[in-house]
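Student: The structure's right below; bear with me while I get my questions together.
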Amino acid sequence: MLQEPGASAYDLHFNCFGFPVRVAWGFWVVAAILGWGWSGMLDDAAVRLNSDSPGAPVLLLVWIAALWLSILIHELGHAFAMRFYGIRSRIVLYHFGGLAISDSFGAWDGARRGRVGPGEQIVISLAGPVAQLALALVVWLIGLQVGVRMELSGWIDSIIGSEIAEREFPKSMMLYALFDAILYPSTAWAILNLAPILPLDGGQVMRSGLLLSRAHDPMRVAHIVSIAAAVLLGIYFMQNGEMFGLMFFLFAANNWQAMQYGSRGY
């Protein structure tokens, strides 16, 4: 399911910190779909709140650029961790998010060959979400200093006693959009990726942890946990009207299929 898409003449290519990066055209399409409602909502809110707005199309471009930056940083976290362990890698951003792909050998293949163990695999898997959460933290701290209202910070406010969520919207909706477009996807994407579901980062960590603990039939256990977690999250999101909950049902189906193949010795 999470596989590198085929190359296209419409792909964007560049290098970042020595890592080749390819942005598939599907990334821009899905980013626009995800941000369509968000940009329209903010533009309408600007009218009600007497806040200046550059218009929904510009706000949509802000969302797309912010999502691109957030996912790129997530994959850079994986790529830098791979580089630390001597693994050459490249980055692909596509319709399902992003991939940090090894050029020399896969991180999981390396673990099986003894070159990269489960402990190192845990570091590689966690590096992406940690980098993305670090971005969210930096943006949130800047927002505290600037005094910008940030909706997503409400749960943080309850912990540290901040009153920033109660502040008024800035006169410019663009300022609010810049912070929200980075903070929200960076936090939500990282947290979802930490769910114990293969092939997400959290699932990779779980699988490596089972290997380290020498659990009986670790792959089967990893698939069972993945199926249970994916079904629960799928139900939760669908009940809340989030259609991307369907993605978790696909994860559950893929893990069920992989578990059946594994039990047959394939």
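The chains in the structure tokens are called A, B, ... from first to last as shown; in each chain the residues are counted from 1, and the ligands are counted from 1 in the order shown.
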Could you pull the residues within 8 Å of range 122-126 of chain A, counting only C-alpha atoms, minus those fewer than 6 positions along the same chain, as a PDB file with N, CA and C atoms, in the first residue's frame?
Tutor:
ATOM      1  N   GLY A  77      13.954  13.384   8.617  1.00  0.00           N
ATOM      2  CA  GLY A  77      14.298  12.745   9.883  1.00  0.00           C
ATOM      3  C   GLY A  77      14.706  11.300   9.671  1.00  0.00           C
ATOM      4  N   HIS A  78      13.918  10.563   8.892  1.00  0.00           N
ATOM      5  CA  HIS A  78      14.272   9.177   8.566  1.00  0.00           C
ATOM      6  C   HIS A  78      15.595   9.122   7.797  1.00  0.00           C
ATOM      7  N   ALA A  79      15.730  10.005   6.810  1.00  0.00           N
ATOM      8  CA  ALA A  79      16.908   9.967   5.940  1.00  0.00           C
ATOM      9  C   ALA A  79      18.190  10.259   6.711  1.00  0.00           C
ATOM     10  N   ALA A  81      18.674   9.719   9.896  1.00  0.00           N
ATOM     11  CA  ALA A  81      18.936   8.559  10.750  1.00  0.00           C
ATOM     12  C   ALA A  81      19.567   7.436   9.940  1.00  0.00           C
ATOM     13  N   MET A  82      19.081   7.223   8.724  1.00  0.00           N
ATOM     14  CA  MET A  82      19.692   6.218   7.857  1.00  0.00           C
ATOM     15  C   MET A  82      21.138   6.574   7.548  1.00  0.00           C
ATOM     16  N   ASP A 201       5.198   4.118  10.977  1.00  0.00           N
ATOM     17  CA  ASP A 201       6.404   4.159  11.807  1.00  0.00           C
ATOM     18  C   ASP A 201       6.184   3.477  13.151  1.00  0.00           C
ATOM     19  N   GLY A 202       5.019   3.704  13.755  1.00  0.00           N
ATOM     20  CA  GLY A 202       4.729   3.054  15.026  1.00  0.00           C
ATOM     21  C   GLY A 202       4.698   1.545  14.899  1.00  0.00           C
ATOM     22  N   GLN A 204       6.502  -0.164  12.721  1.00  0.00           N
ATOM     23  CA  GLN A 204       7.899  -0.581  12.578  1.00  0.00           C
ATOM     24  C   GLN A 204       8.583  -0.644  13.943  1.00  0.00           C
ATOM     25  N   VAL A 205       8.273   0.337  14.800  1.00  0.00           N
ATOM     26  CA  VAL A 205       8.844   0.339  16.151  1.00  0.00           C
ATOM     27  C   VAL A 205       8.349  -0.873  16.925  1.00  0.00           C
ATOM     28  N   SER A 208      10.076  -4.068  15.662  1.00  0.00           N
ATOM     29  CA  SER A 208      11.466  -4.137  16.124  1.00  0.00           C
ATOM     30  C   SER A 208      11.536  -4.421  17.618  1.00  0.00           C
ATOM     31  N   GLY A 209      10.598  -3.842  18.381  1.00  0.00           N
ATOM     32  CA  GLY A 209      10.563  -4.110  19.813  1.00  0.00           C
ATOM     33  C   GLY A 209      10.269  -5.569  20.110  1.00  0.00           C
TER      34      GLY A 209
END
Student: If we count only C-alpha atoms, what is near Asp44 in chain A at a cut-off of 10 Å, once residues fewer than 5 positions away on the same chain are taken out, given as a PDB file with N, CA and C atoms, in the first residue's frame?
Tutor:
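What follows is the written file part-v6.pdb:
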ATOM      1  N   SER A  39      -9.119  26.044   3.461  1.00  0.00           N
ATOM      2  CA  SER A  39      -8.905  27.390   2.923  1.00  0.00           C
ATOM      3  C   SER A  39     -10.223  28.144   2.787  1.00  0.00           C
ATOM      4  N   LEU A  49     -15.147  37.721  11.017  1.00  0.00           N
ATOM      5  CA  LEU A  49     -14.330  38.275  12.095  1.00  0.00           C
ATOM      6  C   LEU A  49     -13.685  39.603  11.726  1.00  0.00           C
ATOM      7  N   SER A  51     -11.474  40.201   9.565  1.00  0.00           N
ATOM      8  CA  SER A  51     -10.033  39.998   9.409  1.00  0.00           C
ATOM      9  C   SER A  51      -9.693  40.007   7.925  1.00  0.00           C
ATOM     10  N   SER A  53      -8.193  38.891   4.522  1.00  0.00           N
ATOM     11  CA  SER A  53      -7.864  37.590   3.944  1.00  0.00           C
ATOM     12  C   SER A  53      -7.358  37.769   2.522  1.00  0.00           C
ATOM     13  N   GLY A  55      -7.721  35.658   0.306  1.00  0.00           N
ATOM     14  CA  GLY A  55      -8.601  34.873  -0.544  1.00  0.00           C
ATOM     15  C   GLY A  55      -8.325  33.383  -0.420  1.00  0.00           C
ATOM     16  N   ALA A  56      -9.344  32.581  -0.676  1.00  0.00           N
ATOM     17  CA  ALA A  56      -9.222  31.131  -0.529  1.00  0.00           C
ATOM     18  C   ALA A  56      -8.131  30.521  -1.401  1.00  0.00           C
TER      19      ALA A  56
END
Student: Just asking: which residues within range 47-232 of chain A are alpha helix (DSSP H) according to DSSP, as a compact mmCIF listing (two decimals) with N, CA and C atoms, in the first residue's frame?
Tutor:
# COMPACT_ATOMS: atom_id res chain seq x y z
N VAL A 47 -14.27 36.97 6.89
CA VAL A 47 -15.38 37.91 6.66
C VAL A 47 -16.16 38.13 7.95
N ARG A 48 -16.45 37.05 8.66
CA ARG A 48 -17.24 37.15 9.90
C ARG A 48 -16.48 37.87 10.99
N ALA A 56 -9.34 32.58 -0.68
CA ALA A 56 -9.22 31.13 -0.53
C ALA A 56 -8.13 30.52 -1.40
N PRO A 57 -7.95 30.95 -2.66
CA PRO A 57 -6.89 30.35 -3.48
C PRO A 57 -5.49 30.54 -2.89
N VAL A 58 -5.23 31.74 -2.34
CA VAL A 58 -3.91 31.98 -1.74
C VAL A 58 -3.76 31.16 -0.47
N LEU A 59 -4.81 31.08 0.33
CA LEU A 59 -4.75 30.27 1.55
C LEU A 59 -4.53 28.80 1.22
N LEU A 60 -5.11 28.35 0.11
CA LEU A 60 -4.90 26.96 -0.31
C LEU A 60 -3.44 26.73 -0.67
N LEU A 61 -2.82 27.71 -1.33
CA LEU A 61 -1.39 27.59 -1.66
C LEU A 61 -0.55 27.55 -0.39
N VAL A 62 -0.95 28.32 0.62
CA VAL A 62 -0.25 28.29 1.91
C VAL A 62 -0.32 26.89 2.51
N TRP A 63 -1.50 26.29 2.47
CA TRP A 63 -1.68 24.93 3.00
C TRP A 63 -0.80 23.93 2.27
N ILE A 64 -0.81 23.99 0.95
CA ILE A 64 -0.04 23.04 0.15
C ILE A 64 1.45 23.17 0.45
N ALA A 65 1.94 24.41 0.52
CA ALA A 65 3.36 24.64 0.81
C ALA A 65 3.72 24.16 2.21
N ALA A 66 2.83 24.42 3.18
CA ALA A 66 3.09 24.00 4.56
C ALA A 66 3.09 22.48 4.69
N LEU A 67 2.15 21.82 4.01
CA LEU A 67 2.10 20.36 4.06
C LEU A 67 3.35 19.76 3.41
N TRP A 68 3.77 20.36 2.31
CA TRP A 68 5.00 19.92 1.64
C TRP A 68 6.19 20.02 2.59
N LEU A 69 6.32 21.15 3.28
CA LEU A 69 7.43 21.34 4.21
C LEU A 69 7.37 20.34 5.36
N SER A 70 6.19 20.16 5.92
CA SER A 70 6.03 19.28 7.08
C SER A 70 6.39 17.84 6.75
N ILE A 71 5.88 17.33 5.63
CA ILE A 71 6.15 15.94 5.27
C ILE A 71 7.60 15.77 4.83
N LEU A 72 8.16 16.79 4.18
CA LEU A 72 9.57 16.72 3.80
C LEU A 72 10.45 16.60 5.03
N ILE A 73 10.16 17.39 6.06
CA ILE A 73 10.95 17.32 7.30
C ILE A 73 10.79 15.96 7.97
N HIS A 74 9.59 15.41 7.92
CA HIS A 74 9.37 14.06 8.46
C HIS A 74 10.30 13.05 7.78
N GLU A 75 10.33 13.08 6.47
CA GLU A 75 11.16 12.13 5.73
C GLU A 75 12.64 12.43 5.89
N LEU A 76 13.00 13.71 6.05
CA LEU A 76 14.40 14.05 6.31
C LEU A 76 14.86 13.45 7.64
N GLY A 77 13.95 13.38 8.62
CA GLY A 77 14.30 12.74 9.88
C GLY A 77 14.71 11.30 9.67
N HIS A 78 13.92 10.56 8.89
CA HIS A 78 14.27 9.18 8.57
C HIS A 78 15.60 9.12 7.80
N ALA A 79 15.73 10.01 6.81
CA ALA A 79 16.91 9.97 5.94
C ALA A 79 18.19 10.26 6.71
N PHE A 80 18.15 11.23 7.61
CA PHE A 80 19.34 11.54 8.41
C PHE A 80 19.69 10.38 9.34
N ALA A 81 18.67 9.72 9.90
CA ALA A 81 18.94 8.56 10.75
C ALA A 81 19.57 7.44 9.94
N MET A 82 19.08 7.22 8.72
CA MET A 82 19.69 6.22 7.86
C MET A 82 21.14 6.57 7.55
N ARG A 83 21.37 7.85 7.25
CA ARG A 83 22.74 8.28 6.95
C ARG A 83 23.65 8.02 8.14
N PHE A 84 23.15 8.22 9.35
CA PHE A 84 23.94 7.99 10.55
C PHE A 84 24.41 6.53 10.62
N ALA A 107 16.26 -0.67 5.16
CA ALA A 107 16.58 -0.71 6.58
C ALA A 107 16.13 -2.04 7.19
N TRP A 108 14.96 -2.52 6.75
CA TRP A 108 14.48 -3.79 7.30
C TRP A 108 15.30 -4.95 6.77
N ASP A 109 15.67 -4.90 5.47
CA ASP A 109 16.53 -5.93 4.92
C ASP A 109 17.87 -5.93 5.64
N GLY A 110 18.35 -4.73 5.95
CA GLY A 110 19.62 -4.62 6.65
C GLY A 110 19.55 -5.25 8.02
N ALA A 111 18.40 -5.11 8.68
CA ALA A 111 18.24 -5.71 10.00
C ALA A 111 18.32 -7.23 9.91
N ARG A 112 17.72 -7.78 8.86
CA ARG A 112 17.74 -9.24 8.71
C ARG A 112 19.14 -9.74 8.38
N PRO A 118 17.42 -4.41 15.15
CA PRO A 118 16.12 -3.87 15.53
C PRO A 118 16.22 -2.56 16.31
N GLY A 119 17.26 -2.43 17.14
CA GLY A 119 17.44 -1.19 17.89
C GLY A 119 17.67 -0.01 16.98
N GLU A 120 18.52 -0.21 15.97
CA GLU A 120 18.77 0.86 15.00
C GLU A 120 17.51 1.15 14.17
N GLN A 121 16.76 0.10 13.87
CA GLN A 121 15.52 0.29 13.11
C GLN A 121 14.52 1.13 13.90
N ILE A 122 14.49 0.97 15.21
CA ILE A 122 13.61 1.78 16.05
C ILE A 122 14.00 3.25 15.94
N VAL A 123 15.30 3.53 15.99
CA VAL A 123 15.77 4.91 15.87
C VAL A 123 15.37 5.49 14.52
N ILE A 124 15.58 4.73 13.46
CA ILE A 124 15.23 5.19 12.11
C ILE A 124 13.73 5.47 12.01
N SER A 125 12.92 4.59 12.56
CA SER A 125 11.47 4.75 12.47
C SER A 125 10.97 5.94 13.28
N LEU A 126 11.57 6.17 14.44
CA LEU A 126 11.12 7.28 15.29
C LEU A 126 11.62 8.63 14.81
N ALA A 127 12.70 8.64 14.05
CA ALA A 127 13.32 9.90 13.65
C ALA A 127 12.37 10.79 12.84
N GLY A 128 11.53 10.18 12.01
CA GLY A 128 10.60 10.97 11.20
C GLY A 128 9.57 11.71 12.03
N PRO A 129 8.77 10.99 12.85
CA PRO A 129 7.80 11.68 13.69
C PRO A 129 8.43 12.67 14.66
N VAL A 130 9.60 12.34 15.20
CA VAL A 130 10.27 13.26 16.12
C VAL A 130 10.64 14.56 15.42
N ALA A 131 11.16 14.46 14.20
CA ALA A 131 11.52 15.66 13.44
C ALA A 131 10.28 16.50 13.16
N GLN A 132 9.18 15.85 12.83
CA GLN A 132 7.94 16.58 12.52
C GLN A 132 7.36 17.24 13.77
N LEU A 133 7.40 16.54 14.89
CA LEU A 133 6.92 17.12 16.14
C LEU A 133 7.82 18.27 16.59
N ALA A 134 9.11 18.16 16.30
CA ALA A 134 10.03 19.25 16.63
C ALA A 134 9.67 20.50 15.83
N LEU A 135 9.30 20.31 14.56
CA LEU A 135 8.85 21.44 13.75
C LEU A 135 7.61 22.08 14.36
N ALA A 136 6.65 21.24 14.77
CA ALA A 136 5.43 21.76 15.38
C ALA A 136 5.74 22.52 16.66
N LEU A 137 6.67 22.00 17.46
CA LEU A 137 7.04 22.66 18.71
C LEU A 137 7.65 24.03 18.45
N VAL A 138 8.55 24.10 17.47
CA VAL A 138 9.18 25.38 17.13
C VAL A 138 8.13 26.39 16.68
N VAL A 139 7.23 25.96 15.81
CA VAL A 139 6.18 26.85 15.32
C VAL A 139 5.27 27.30 16.46
N TRP A 140 4.94 26.38 17.35
CA TRP A 140 4.09 26.71 18.48
C TRP A 140 4.76 27.72 19.41
N LEU A 141 6.06 27.53 19.67
CA LEU A 141 6.79 28.46 20.53
C LEU A 141 6.86 29.85 19.90
N ILE A 142 7.06 29.89 18.58
CA ILE A 142 7.06 31.18 17.89
C ILE A 142 5.69 31.83 18.01
N GLY A 143 4.64 31.02 17.88
CA GLY A 143 3.29 31.54 18.02
C GLY A 143 3.04 32.13 19.39
N LEU A 144 3.60 31.50 20.41
CA LEU A 144 3.48 32.05 21.76
C LEU A 144 4.09 33.43 21.86
N GLN A 145 5.25 33.59 21.24
CA GLN A 145 5.94 34.88 21.29
C GLN A 145 5.22 35.94 20.46
N VAL A 146 4.70 35.53 19.31
CA VAL A 146 4.02 36.48 18.43
C VAL A 146 2.62 36.80 18.95
N GLY A 154 -4.99 24.14 22.07
CA GLY A 154 -5.90 24.06 23.20
C GLY A 154 -5.54 22.97 24.19
N TRP A 155 -5.17 21.79 23.68
CA TRP A 155 -4.82 20.70 24.59
C TRP A 155 -3.49 20.95 25.27
N ILE A 156 -2.61 21.71 24.61
CA ILE A 156 -1.35 22.08 25.24
C ILE A 156 -1.60 23.11 26.34
N ASP A 157 -2.52 24.04 26.06
CA ASP A 157 -2.85 25.08 27.04
C ASP A 157 -3.33 24.47 28.35
N SER A 158 -4.10 23.39 28.26
CA SER A 158 -4.64 22.77 29.47
C SER A 158 -3.54 22.16 30.33
N ILE A 159 -2.39 21.89 29.71
CA ILE A 159 -1.28 21.30 30.45
C ILE A 159 -0.40 22.36 31.08
N ILE A 160 -0.09 23.43 30.31
CA ILE A 160 0.86 24.43 30.80
C ILE A 160 0.18 25.71 31.28
N MET A 173 -5.72 37.21 8.30
CA MET A 173 -5.96 35.77 8.33
C MET A 173 -4.75 35.01 7.80
N MET A 174 -3.96 35.67 6.97
CA MET A 174 -2.75 35.03 6.45
C MET A 174 -1.82 34.60 7.57
N LEU A 175 -1.67 35.45 8.59
CA LEU A 175 -0.79 35.13 9.71
C LEU A 175 -1.29 33.90 10.46
N TYR A 176 -2.58 33.86 10.72
CA TYR A 176 -3.16 32.69 11.38
C TYR A 176 -2.96 31.44 10.53
N ALA A 177 -3.19 31.57 9.23
CA ALA A 177 -3.09 30.43 8.32
C ALA A 177 -1.68 29.87 8.27
N LEU A 178 -0.68 30.73 8.29
CA LEU A 178 0.71 30.28 8.23
C LEU A 178 1.03 29.37 9.41
N PHE A 179 0.57 29.74 10.59
CA PHE A 179 0.85 28.92 11.77
C PHE A 179 0.01 27.65 11.77
N ASP A 180 -1.28 27.78 11.49
CA ASP A 180 -2.17 26.62 11.55
C ASP A 180 -1.82 25.58 10.50
N ALA A 181 -1.43 26.03 9.30
CA ALA A 181 -1.15 25.10 8.21
C ALA A 181 0.09 24.26 8.47
N ILE A 182 0.99 24.76 9.31
CA ILE A 182 2.17 23.97 9.67
C ILE A 182 1.92 23.17 10.94
N LEU A 183 1.31 23.81 11.93
CA LEU A 183 1.13 23.18 13.24
C LEU A 183 0.20 21.98 13.19
N TYR A 184 -0.92 22.12 12.52
CA TYR A 184 -1.91 21.04 12.53
C TYR A 184 -1.42 19.77 11.83
N PRO A 185 -1.02 19.84 10.55
CA PRO A 185 -0.58 18.59 9.91
C PRO A 185 0.68 18.01 10.53
N SER A 186 1.58 18.87 11.03
CA SER A 186 2.81 18.35 11.63
C SER A 186 2.51 17.53 12.87
N THR A 187 1.56 17.99 13.67
CA THR A 187 1.21 17.26 14.89
C THR A 187 0.37 16.03 14.58
N ALA A 188 -0.67 16.21 13.78
CA ALA A 188 -1.58 15.10 13.49
C ALA A 188 -0.89 13.99 12.72
N TRP A 189 -0.09 14.37 11.71
CA TRP A 189 0.59 13.37 10.88
C TRP A 189 1.57 12.55 11.72
N ALA A 190 2.33 13.22 12.58
CA ALA A 190 3.32 12.53 13.40
C ALA A 190 2.65 11.57 14.38
N ILE A 191 1.57 12.03 15.02
CA ILE A 191 0.89 11.19 16.01
C ILE A 191 0.26 9.97 15.34
N LEU A 192 -0.39 10.17 14.20
CA LEU A 192 -1.00 9.04 13.49
C LEU A 192 0.06 8.04 13.05
N ASN A 193 1.22 8.54 12.65
CA ASN A 193 2.29 7.65 12.22
C ASN A 193 2.85 6.82 13.36
N ASP A 201 5.20 4.12 10.98
CA ASP A 201 6.40 4.16 11.81
C ASP A 201 6.18 3.48 13.15
N GLY A 202 5.02 3.70 13.75
CA GLY A 202 4.73 3.05 15.03
C GLY A 202 4.70 1.55 14.90
N GLY A 203 4.22 1.05 13.77
CA GLY A 203 4.23 -0.39 13.53
C GLY A 203 5.63 -0.94 13.37
N GLN A 204 6.50 -0.16 12.72
CA GLN A 204 7.90 -0.58 12.58
C GLN A 204 8.58 -0.64 13.94
N VAL A 205 8.27 0.34 14.80
CA VAL A 205 8.84 0.34 16.15
C VAL A 205 8.35 -0.87 16.93
N MET A 206 7.05 -1.15 16.83
CA MET A 206 6.48 -2.31 17.52
C MET A 206 7.13 -3.61 17.05
N ARG A 207 7.27 -3.77 15.75
CA ARG A 207 7.87 -4.99 15.21
C ARG A 207 9.30 -5.15 15.70
N SER A 208 10.08 -4.07 15.66
CA SER A 208 11.47 -4.14 16.12
C SER A 208 11.54 -4.42 17.62
N GLY A 209 10.60 -3.84 18.38
CA GLY A 209 10.56 -4.11 19.81
C GLY A 209 10.27 -5.57 20.11
N LEU A 210 9.37 -6.16 19.34
CA LEU A 210 9.06 -7.59 19.51
C LEU A 210 10.27 -8.45 19.19
N LEU A 211 11.04 -8.05 18.19
CA LEU A 211 12.26 -8.79 17.85
C LEU A 211 13.28 -8.69 18.98
N LEU A 212 13.41 -7.49 19.54
CA LEU A 212 14.35 -7.30 20.64
C LEU A 212 13.95 -8.12 21.87
N PRO A 218 7.19 -13.07 16.34
CA PRO A 218 7.00 -11.61 16.42
C PRO A 218 6.23 -11.02 15.24
N MET A 219 6.41 -11.57 14.04
CA MET A 219 5.71 -11.01 12.89
C MET A 219 4.20 -11.23 13.01
N ARG A 220 3.80 -12.40 13.46
CA ARG A 220 2.37 -12.68 13.62
C ARG A 220 1.77 -11.76 14.68
N VAL A 221 2.49 -11.59 15.78
CA VAL A 221 2.00 -10.70 16.84
C VAL A 221 1.88 -9.27 16.32
N ALA A 222 2.88 -8.84 15.55
CA ALA A 222 2.86 -7.48 15.00
C ALA A 222 1.65 -7.28 14.08
N HIS A 223 1.35 -8.29 13.27
CA HIS A 223 0.20 -8.18 12.37
C HIS A 223 -1.11 -8.17 13.15
N ILE A 224 -1.21 -8.98 14.20
CA ILE A 224 -2.44 -9.03 15.00
C ILE A 224 -2.69 -7.68 15.68
N VAL A 225 -1.64 -7.12 16.28
CA VAL A 225 -1.77 -5.81 16.93
C VAL A 225 -2.13 -4.75 15.90
N SER A 226 -1.50 -4.83 14.73
CA SER A 226 -1.78 -3.86 13.67
C SER A 226 -3.24 -3.91 13.23
N ILE A 227 -3.76 -5.12 13.07
CA ILE A 227 -5.15 -5.28 12.65
C ILE A 227 -6.10 -4.69 13.68
N ALA A 228 -5.86 -5.01 14.96
CA ALA A 228 -6.73 -4.52 16.02
C ALA A 228 -6.69 -2.99 16.10
N ALA A 229 -5.49 -2.42 16.07
CA ALA A 229 -5.35 -0.97 16.17
C ALA A 229 -5.95 -0.27 14.95
N ALA A 230 -5.74 -0.85 13.77
CA ALA A 230 -6.26 -0.24 12.55
C ALA A 230 -7.79 -0.25 12.53
N VAL A 231 -8.40 -1.35 12.95
CA VAL A 231 -9.86 -1.43 12.98
C VAL A 231 -10.43 -0.42 13.97
N LEU A 232 -9.83 -0.33 15.15
CA LEU A 232 -10.32 0.61 16.17
C LEU A 232 -10.22 2.05 15.69
Student: In Å, rounded to a single decimal, give me how far CA of Phe14 in chain A is from CA of Arg90 in chain A.
Tutor: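 Atom-to-atom, CA of Arg90 in chain A to CA of Phe14 in chain A, that is 10.6 Å.
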Student: Considering only C-alpha atoms, state which residue in the set A:Gly117, A:Gly147, A:Gly98, A:Pro54 is at the smallest distance from Tyr85 in chain A.
Tutor: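 Residue with the minimum atom-to-atom distance to Tyr85 in chain A: A:Gly117.
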Student: How many Å lie between CA of Phe27 in chain A and CA of Trp256 in chain A, rounded to one decimal?
Tutor: 27.7 Å
Student: Once DSSP has gone over the backbone, tell me which residues of range 16-233 of chain A are in strand (DSSP E or B), as a list in words.
Tutor: Cys16, Phe19, Pro20, Val21, Arg22, Val23, Asp52, Ser89, Arg90, Ile91, Val92, Leu93, Tyr94, Gly97, Gly98, Leu99, Ala100, Ile101, Ser102 and Ser172 of chain A
Student: Report, in Å with one decimal, the straight-line distance from CA of Asp43 in chain A to CA of Val30 in chain A.
Tutor: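 It comes out at 20.3 Å.
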Student: If we count only C-alpha atoms and set the cut-off at 7 Å, which residues sit around Asp103 in chain A, ignoring sequence neighbours fewer than 2 positions away in its own chain? Please answer as a list in words.
Tutor: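 Contacts, with the query itself left out: Arg88, Ser89, Arg90, Ile101 and Phe105 of chain A.
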Student: Those same residues - N, CA and C atoms - I'd like them written as a short mmCIF file (atom, residue, chain, number, x, y, z; two decimals), in the first residue's frame.
Tutor:
data_model
loop_
_atom_site.label_atom_id
_atom_site.label_comp_id
_atom_site.auth_asym_id
_atom_site.auth_seq_id
_atom_site.Cartn_x
_atom_site.Cartn_y
_atom_site.Cartn_z
N ARG A 88 22.54 4.93 2.45
CA ARG A 88 22.19 5.98 1.49
C ARG A 88 20.69 5.92 1.21
N SER A 89 20.07 7.07 1.12
CA SER A 89 18.62 7.07 0.91
C SER A 89 18.18 8.24 0.04
N ARG A 90 16.98 8.14 -0.44
CA ARG A 90 16.35 9.21 -1.21
C ARG A 90 14.93 9.37 -0.70
N ILE A 101 13.55 6.16 1.15
CA ILE A 101 13.86 4.87 0.53
C ILE A 101 15.36 4.66 0.47
N PHE A 105 20.51 -0.57 0.66
CA PHE A 105 19.73 -1.72 1.09
C PHE A 105 18.65 -1.21 2.03
#
Student: For Gly234 in chain A, which residue out of A:Ala46, A:Ser102, A:Ala253, A:Phe19 is the nearest one, using only C-alpha atoms?
Tutor: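 Nearest candidate to Gly234 in chain A out of A:Ala46, A:Ser102, A:Ala253, A:Phe19: A:Ala253.
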Student: Which of these, A:Val116, A:Leu93, A:Leu200, A:Trp38, has the shortest distance to Pro20 in chain A once you count only C-alpha atoms?
Tutor: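 Smallest distance to Pro20 in chain A is found for A:Leu93.
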Student: Excluding Val21 in chain A and its own-chain neighbours fewer than 6 positions away, which residues fall within 6 Å of it when counting only C-alpha atoms? Please give them as a ChimeraX atom specification.
Tutor: /A:13-15,91-92
Student: Any chance you can output those residues with N, CA and C atoms as a PDB file, in the first residue's frame?
Tutor:
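Once everything was written out, this is part_38.pdb:
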ATOM      1  N   HIS A  13      11.919  17.350  -9.102  1.00  0.00           N
ATOM      2  CA  HIS A  13      13.150  16.760  -8.579  1.00  0.00           C
ATOM      3  C   HIS A  13      14.060  17.855  -8.030  1.00  0.00           C
ATOM      4  N   PHE A  14      14.650  17.600  -6.857  1.00  0.00           N
ATOM      5  CA  PHE A  14      15.651  18.507  -6.299  1.00  0.00           C
ATOM      6  C   PHE A  14      16.445  17.752  -5.235  1.00  0.00           C
ATOM      7  N   ASN A  15      17.505  18.374  -4.737  1.00  0.00           N
ATOM      8  CA  ASN A  15      18.328  17.790  -3.679  1.00  0.00           C
ATOM      9  C   ASN A  15      18.180  18.608  -2.407  1.00  0.00           C
ATOM     10  N   ILE A  91      14.315  10.494  -1.025  1.00  0.00           N
ATOM     11  CA  ILE A  91      12.997  10.832  -0.487  1.00  0.00           C
ATOM     12  C   ILE A  91      11.993  10.972  -1.626  1.00  0.00           C
ATOM     13  N   VAL A  92      10.816  10.427  -1.410  1.00  0.00           N
ATOM     14  CA  VAL A  92       9.721  10.561  -2.371  1.00  0.00           C
ATOM     15  C   VAL A  92       8.490  11.071  -1.628  1.00  0.00           C
TER      16      VAL A  92
END
